[in-house]
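Visitor: To be precise about what I am sending: the file is called entry-v1.cif and holds mmCIF, C-alpha atoms and all ligand atoms.
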```cif
data_model
loop_
_atom_site.label_atom_id
_atom_site.label_comp_id
_atom_site.auth_asym_id
_atom_site.auth_seq_id
_atom_site.Cartn_x
_atom_site.Cartn_y
_atom_site.Cartn_z
CA MET A 1 27.11 104.08 89.45
CA LYS A 2 30.37 102.14 89.38
CA THR A 3 31.64 101.65 92.92
CA PHE A 4 35.05 100.21 93.76
CA LYS A 5 37.50 99.85 96.64
CA THR A 6 40.93 101.46 96.25
CA ASP A 7 43.08 98.53 97.43
CA GLY A 8 43.71 97.24 93.88
CA ALA A 9 46.20 98.20 91.19
CA PHE A 10 47.95 101.58 91.06
CA ALA A 11 46.82 102.16 87.45
CA GLU A 12 43.14 101.75 88.33
CA ASN A 13 43.27 104.36 91.13
CA TYR A 14 45.46 106.69 89.03
CA LYS A 15 42.98 106.62 86.15
CA PHE A 16 40.17 107.78 88.45
CA LEU A 17 42.30 110.44 90.16
CA ILE A 18 43.34 112.10 86.90
CA GLY A 19 39.90 111.66 85.38
CA SER A 20 38.08 113.35 88.25
CA ILE A 21 40.48 115.93 89.69
CA LEU A 22 40.74 118.33 86.77
CA PRO A 23 41.65 120.70 85.28
CA ARG A 24 44.94 120.58 87.18
CA PRO A 25 47.45 123.43 86.99
CA ILE A 26 50.96 122.35 86.08
CA ALA A 27 53.99 123.16 88.24
CA VAL A 28 57.19 123.06 86.21
CA ILE A 29 59.79 122.35 88.86
CA SER A 30 63.40 123.26 88.33
CA THR A 31 66.13 121.76 90.53
CA ARG A 32 69.92 121.46 90.49
CA ASN A 33 71.63 118.12 89.91
CA ILE A 34 74.58 117.01 92.06
CA ASP A 35 77.07 118.11 89.33
CA GLY A 36 75.50 121.60 89.15
CA SER A 37 73.54 120.94 85.93
CA ASN A 38 69.81 121.68 85.67
CA ASN A 39 66.78 119.41 86.00
CA LEU A 40 63.24 120.31 84.94
CA ALA A 41 59.97 118.36 85.23
CA PRO A 42 56.21 119.09 85.24
CA PHE A 43 53.87 118.04 88.07
CA SER A 44 50.09 118.45 87.89
CA PHE A 45 49.38 117.13 91.39
CA PHE A 46 49.97 120.67 92.59
CA THR A 47 48.31 123.40 94.67
CA ALA A 48 48.70 126.47 96.90
CA ILE A 49 48.78 125.82 100.66
CA SER A 50 49.33 129.07 102.55
CA ALA A 51 49.50 132.80 101.76
CA GLN A 52 51.60 134.00 104.73
CA PRO A 53 53.98 132.25 104.88
CA MET A 54 53.61 131.66 101.15
CA ILE A 55 53.61 127.87 100.74
CA ILE A 56 52.96 125.69 97.69
CA ALA A 57 52.84 121.89 97.37
CA PHE A 58 53.25 119.33 94.62
CA CYS A 59 53.21 115.56 94.60
CA PRO A 60 55.77 113.37 92.86
CA LEU A 61 54.93 109.65 92.70
CA ILE A 62 57.60 106.95 93.03
CA ARG A 63 58.71 106.21 89.45
CA THR A 64 56.85 103.13 88.22
CA SER A 65 59.69 102.03 85.90
CA THR A 66 62.40 101.94 88.60
CA GLY A 67 60.66 102.10 91.99
CA GLU A 68 62.89 105.08 92.86
CA PHE A 69 62.28 108.73 93.72
CA LYS A 70 62.15 110.97 90.65
CA ASP A 71 65.22 113.17 89.99
CA THR A 72 63.31 116.24 91.20
CA VAL A 73 62.84 114.63 94.63
CA LYS A 74 66.46 113.45 94.90
CA ASN A 75 67.62 117.01 94.13
CA ILE A 76 65.21 118.73 96.53
CA LEU A 77 66.11 116.41 99.42
CA ARG A 78 69.81 117.20 98.88
CA GLU A 79 69.71 120.91 97.91
CA LYS A 80 66.67 121.96 100.00
CA GLU A 81 65.46 124.37 97.33
CA PHE A 82 63.76 124.54 93.92
CA VAL A 83 62.01 126.92 91.52
CA LEU A 84 58.32 126.64 90.66
CA ASN A 85 57.62 127.79 87.09
CA PHE A 86 54.25 127.67 85.35
CA CYS A 87 52.99 125.89 82.26
CA THR A 88 51.46 128.36 79.80
CA GLU A 89 50.55 128.60 76.11
CA ASN A 90 54.06 129.74 75.22
CA ASN A 91 55.85 126.74 76.76
CA TYR A 92 53.50 123.72 77.04
CA GLN A 93 54.85 121.72 74.10
CA LYS A 94 58.40 122.01 75.40
CA VAL A 95 57.22 121.33 78.98
CA ASN A 96 55.75 118.07 77.68
CA VAL A 97 59.15 117.19 76.19
CA ALA A 98 60.78 118.08 79.54
CA SER A 99 58.67 115.36 81.21
CA THR A 100 60.68 112.68 79.35
CA GLU A 101 62.34 110.22 81.69
CA LEU A 102 66.05 110.98 81.11
CA PRO A 103 68.95 109.39 83.03
CA TYR A 104 69.87 111.31 86.21
CA GLY A 105 72.05 114.32 85.39
CA GLU A 106 70.74 114.92 81.86
CA ASP A 107 69.43 118.47 81.53
CA GLU A 108 65.76 118.68 80.45
CA PHE A 109 66.11 122.42 79.72
CA SER A 110 68.49 121.73 76.83
CA PHE A 111 66.70 118.48 75.86
CA ALA A 112 63.41 120.44 75.46
CA GLY A 113 64.94 123.65 74.03
CA LEU A 114 64.03 125.71 77.11
CA THR A 115 66.13 128.48 78.63
CA PRO A 116 67.54 128.48 82.19
CA VAL A 117 67.92 131.86 83.90
CA LYS A 118 69.98 132.39 87.05
CA SER A 119 67.89 132.71 90.20
CA GLU A 120 68.53 135.36 92.85
CA ILE A 121 68.36 133.41 96.12
CA VAL A 122 68.32 129.70 95.18
CA LYS A 123 70.82 127.78 93.05
CA ALA A 124 68.17 126.08 90.89
CA ALA A 125 67.55 127.93 87.61
CA ARG A 126 64.36 129.74 86.63
CA LEU A 127 62.54 128.95 83.38
CA LYS A 128 62.76 131.99 81.10
CA GLU A 129 59.71 130.86 79.07
CA SER A 130 57.50 131.00 82.21
CA PRO A 131 55.98 134.43 82.94
CA VAL A 132 55.77 133.63 86.67
CA GLN A 133 58.59 132.05 88.67
CA PHE A 134 58.70 131.32 92.41
CA GLU A 135 62.05 130.78 94.13
CA CYS A 136 61.29 128.24 96.88
CA VAL A 137 62.97 126.79 99.93
CA PHE A 138 62.02 123.19 100.80
CA ARG A 139 59.79 122.94 103.89
CA ASP A 140 58.37 119.40 104.35
CA MET A 141 57.94 116.05 102.71
CA LEU A 142 55.19 113.57 103.61
CA CYS A 143 55.59 110.10 102.06
CA TYR A 144 52.60 107.82 101.57
CA GLY A 145 54.46 104.62 100.67
CA THR A 146 57.54 103.18 99.03
CA LYS A 147 55.96 101.22 96.17
CA PRO A 148 55.95 102.36 92.51
CA GLY A 149 53.11 104.85 92.15
CA SER A 150 53.06 105.82 95.84
CA GLY A 151 52.98 109.56 96.23
CA SER A 152 54.58 112.10 98.46
CA LEU A 153 53.70 115.69 99.22
CA ILE A 154 56.50 118.22 98.97
CA THR A 155 55.95 121.71 100.27
CA GLY A 156 58.11 124.74 99.61
CA GLU A 157 58.12 128.26 100.98
CA VAL A 158 58.10 130.84 98.20
CA LYS A 159 60.81 133.33 99.14
CA LEU A 160 60.92 135.39 95.94
CA VAL A 161 58.30 135.93 93.21
CA HIS A 162 59.16 137.00 89.66
CA VAL A 163 56.27 138.09 87.39
CA ASP A 164 56.50 139.38 83.83
CA GLU A 165 54.89 142.83 83.98
CA ALA A 166 53.43 142.23 80.51
CA ILE A 167 50.84 139.87 82.08
CA MET A 168 49.86 142.33 84.86
CA LYS A 169 47.31 145.13 85.14
CA ASP A 170 46.63 147.22 88.29
CA GLY A 171 49.13 145.08 90.21
CA LYS A 172 47.30 141.83 89.41
CA ILE A 173 48.07 138.95 87.07
CA GLN A 174 45.51 138.91 84.24
CA THR A 175 44.14 135.43 83.50
CA ASP A 176 43.80 136.16 79.78
CA LEU A 177 47.44 137.25 79.59
CA LEU A 178 48.91 134.48 81.76
CA LYS A 179 47.35 131.87 79.43
CA ALA A 180 47.84 129.02 81.92
CA ILE A 181 47.64 125.46 80.66
CA GLY A 182 46.17 122.61 82.72
CA ARG A 183 46.11 118.85 82.62
CA GLY A 184 43.21 116.40 82.52
CA ALA A 185 42.77 112.65 82.04
CA GLY A 186 44.94 110.62 79.68
CA ASN A 187 46.40 112.96 77.06
CA ASP A 188 43.89 115.77 77.74
CA TRP A 189 45.27 119.26 78.34
CA PHE A 190 43.28 122.48 78.96
CA LYS A 191 43.56 126.10 77.88
CA THR A 192 42.16 128.75 80.22
CA ASP A 193 40.50 130.87 77.53
CA SER A 194 36.89 130.30 78.58
CA VAL A 195 36.71 132.51 81.65
CA PHE A 196 33.52 133.85 83.26
CA GLN A 197 32.88 136.06 86.28
CA MET A 198 30.62 135.32 89.23
CA GLU A 199 30.50 137.34 92.45
CA ARG A 200 30.48 135.65 95.85
CA LEU A 201 27.19 136.46 97.60
CA THR A 202 26.42 137.05 101.25
CA LYS A 203 23.69 135.02 102.97
CA ALA A 204 21.45 138.15 103.02
CA GLN A 205 21.83 138.69 99.25
CA ILE A 206 20.89 135.05 98.57
CA GLN A 207 17.80 135.24 100.81
CA ASN A 208 16.48 138.44 99.20
C1 LIG B 301 51.74 117.71 82.35
C2 LIG B 301 52.40 116.66 83.17
C3 LIG B 301 52.11 116.55 84.52
C4 LIG B 301 52.74 115.60 85.32
N1 LIG B 301 52.42 115.52 86.64
C5 LIG B 301 53.05 114.64 87.45
C6 LIG B 301 52.74 114.58 88.85
O1 LIG B 301 51.91 115.33 89.38
N2 LIG B 301 53.42 113.68 89.60
C7 LIG B 301 54.38 112.87 89.07
O2 LIG B 301 54.98 112.08 89.80
N3 LIG B 301 54.70 112.91 87.76
C8 LIG B 301 54.07 113.78 86.94
N4 LIG B 301 54.40 113.84 85.61
C9 LIG B 301 55.49 113.00 85.10
C10 LIG B 301 56.88 113.62 85.41
O3 LIG B 301 57.00 114.90 84.81
C11 LIG B 301 57.96 112.68 84.87
O4 LIG B 301 57.95 111.48 85.60
C12 LIG B 301 59.35 113.27 84.85
O5 LIG B 301 60.22 112.38 84.12
C13 LIG B 301 59.95 113.48 86.22
O6 LIG B 301 61.22 114.04 86.00
P1 LIG B 301 62.42 114.00 87.03
O7 LIG B 301 62.87 112.56 87.17
O8 LIG B 301 63.46 114.85 86.36
O9 LIG B 301 61.96 114.56 88.33
C14 LIG B 301 53.73 114.74 84.75
C15 LIG B 301 54.02 114.83 83.38
C16 LIG B 301 53.35 115.77 82.60
C17 LIG B 301 53.66 115.86 81.13
#
```
Show me the file's structure as structure tokens.

Guide:
Amino acid sequence: MKTFKTDGAFAENYKFLIGSILPRPIAVISTRNIDGSNNLAPFSFFTAISAQPMIIAFCPLIRTSTGEFKDTVKNILREKEFVLNFCTENNYQKVNVASTELPYGEDEFSFAGLTPVKSEIVKAARLKESPVQFECVFRDMLCYGTKPGSGSLITGEVKLVHVDEAIMKDGKIQTDLLKAIGRGAGNDWFKTDSVFQMERLTKAQIQN
């Protein structure tokens, strides 16, 4: 067993986080720049927090190249809203392109060949190529440092859900139709095409 303390370099801790916490779903966050143009970026430090109210969270790290907040964070702190789109088999290559570090104000939708769609209650655009889109209002931000690589947790309340009916059956999203893509260590990505079922058991069933 390798054992190490976490007070060393950012890269060492990061390598073990992304190598052990996987597969990670990918939030593709759309925000509005100060001039009204669109910004898009993927975040795999991402999870659901609460069902009612419906709250999600994702975690942008301070950009290691500049020591500044990423554009997504700057926009959310100013506009107080964003759209959460999902990375799937029909958009993952372009989502990867959208993760490119562009100067503030350059639109990753057009850079990656993705399509913005007007949202209904927030100003940030939805991603047409995502079969599920959540219109979110910013709730909280917890910051865990100011150094490059330090993370923060951003939560948003999902106010409006859009789901492509083509991926639904009996009112539920079908995993095999959503075709979600996840992230692993290094350059590893995951498909979700190896699904199996297992029922949750009661204590009595287990003891029988
Ligand atoms: C699949 C994928 C997942 C990513 N996850 C994260 C993440 O969880 N946190 C983070 O800070 N950056 C993450 N990144 C890097 C950001 O997408 C990248 O820094 C991007 O340029 C940020 O864009 P922005 O400045 O427009 O916000 C990820 C990149 C990819 C390709």

Visitor: For ligand LIG 301 (chain B), collect every residue having any atom at a distance of at most 7 Å from a ligand atom (counting all atoms listed in the file); output as a list in words.

Guide: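 Checked against 7 Å with all atoms listed in the file; the hits are Ile26, Asn39, Leu40, Ala41, Pro42, Phe43, Ser44, Phe45, Phe46, Phe58, Cys59, Pro60, Leu61, Ile62, Arg63, Lys70, Asp71, Thr72, Val73, Val95, Asn96, Ser99, Thr100, Glu101, Leu102 and Arg183 of chain A.
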
Visitor: Would you mind reading off the distance between atom CA of A:Met54 and atom CA of A:Asp35, one decimal, in Å?

Guide: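 Taking atom CA of A:Met54 as the start and atom CA of A:Asp35 as the end point, the length is 29.6 Å.
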
Visitor: Which residues are close to stretch 134-150 of chain A, i.e. within 8 Å by only C-alpha atoms, leaving aside same-chain residues fewer than 3 positions away? Reply as a PyMOL selection string.

Guide: chain A and resi 10+61-68+76+80-85+119+121-122+126+153-162

Visitor: With only C-alpha atoms as the basis for distance, which of A:Ile34, A:Leu127, A:Ala204, A:Ile181 is at the shortest distance from A:Tyr104?

Guide: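 Closest to A:Tyr104, using only C-alpha atoms: A:Ile34.
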
Visitor: I'd like the contact shell of A:Val132 - 12 Å cut-off, only C-alpha atoms, skipping same-chain residues fewer than 6 positions apart - returned as a ChimeraX atom specification.

Guide: /A:27-28,83-88,126,160-168,173-174,177-180

Visitor: With distances taken over all atoms listed in the file, which residue among A:Gly184, A:Ser130, A:Ile29, A:Thr47 lies nearest A:Ala98?

Guide: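 For A:Ala98, the nearest of the candidates is A:Ile29.
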
Visitor: Can you measure atom CA of A:Asp107 to atom CA of A:Asn38 for me? One decimal in Å is fine.

Guide: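 Separation of atom CA of A:Asp107 and atom CA of A:Asn38: 5.3 Å.
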
Visitor: Between A:Asn187, A:Gln197, A:Thr175, A:Thr115, which one has atoms that come closest to A:Glu89, using all atoms listed in the file?

Guide: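 Under the stated criterion, the closest residue is A:Thr175.
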
Visitor: Under the rule that all atoms listed in the file are counted, which of A:Gln207, A:Gln52, A:Asn33, A:Asn13 is the nearest residue to A:Ala124?

Guide: A:Asn33

Visitor: Could you please determine the separation between atom CA of A:Val97 and atom CA of A:Ala112 in Å, to one decimal place?

Guide: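 Interatomic distance here is 5.4 Å.
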
Visitor: Kindly add N, CA, C and O atoms to the incomplete stretch 112-126 of chain A and provide the output as a short mmCIF file (atom, residue, chain, number, x, y, z; two decimals), keeping the file's coordinate frame.

Guide:
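Here's the written file out-v2.cif:
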```
data_model
loop_
_atom_site.label_atom_id
_atom_site.label_comp_id
_atom_site.auth_asym_id
_atom_site.auth_seq_id
_atom_site.Cartn_x
_atom_site.Cartn_y
_atom_site.Cartn_z
N ALA A 112 64.70 119.92 75.95
CA ALA A 112 63.41 120.44 75.46
C ALA A 112 63.55 121.78 74.74
O ALA A 112 62.56 122.32 74.24
N GLY A 113 64.76 122.34 74.68
CA GLY A 113 64.94 123.65 74.03
C GLY A 113 64.40 124.79 74.88
O GLY A 113 63.92 125.80 74.34
N LEU A 114 64.47 124.65 76.19
CA LEU A 114 64.03 125.71 77.11
C LEU A 114 65.25 126.42 77.69
O LEU A 114 66.37 125.90 77.65
N THR A 115 65.00 127.62 78.25
CA THR A 115 66.13 128.48 78.63
C THR A 115 66.24 128.66 80.15
O THR A 115 65.32 129.19 80.77
N PRO A 116 67.36 128.22 80.76
CA PRO A 116 67.54 128.48 82.19
C PRO A 116 68.02 129.91 82.44
O PRO A 116 68.81 130.44 81.67
N VAL A 117 67.49 130.51 83.50
CA VAL A 117 67.92 131.86 83.90
C VAL A 117 68.37 131.76 85.36
O VAL A 117 67.73 131.07 86.17
N LYS A 118 69.46 132.45 85.69
CA LYS A 118 69.98 132.39 87.05
C LYS A 118 68.95 132.93 88.05
O LYS A 118 68.32 133.96 87.80
N SER A 119 68.78 132.23 89.15
CA SER A 119 67.89 132.71 90.20
C SER A 119 68.64 133.68 91.11
O SER A 119 69.86 133.77 91.05
N GLU A 120 67.87 134.39 91.98
CA GLU A 120 68.53 135.36 92.85
C GLU A 120 68.91 134.79 94.20
O GLU A 120 69.95 135.12 94.75
N ILE A 121 68.03 133.91 94.77
CA ILE A 121 68.36 133.41 96.12
C ILE A 121 68.52 131.89 96.20
O ILE A 121 69.01 131.40 97.19
N VAL A 122 68.08 131.16 95.16
CA VAL A 122 68.32 129.70 95.18
C VAL A 122 69.26 129.35 94.02
O VAL A 122 69.41 130.14 93.08
N LYS A 123 69.86 128.16 94.11
CA LYS A 123 70.82 127.78 93.05
C LYS A 123 70.11 127.19 91.84
O LYS A 123 70.65 127.23 90.73
N ALA A 124 68.91 126.63 92.03
CA ALA A 124 68.17 126.08 90.89
C ALA A 124 67.82 127.22 89.93
O ALA A 124 67.58 128.35 90.35
N ALA A 125 67.80 126.90 88.63
CA ALA A 125 67.55 127.93 87.61
C ALA A 125 66.05 128.21 87.46
O ALA A 125 65.22 127.34 87.73
N ARG A 126 65.74 129.42 87.00
CA ARG A 126 64.36 129.74 86.63
C ARG A 126 64.15 129.42 85.15
O ARG A 126 65.12 129.35 84.39
#
```
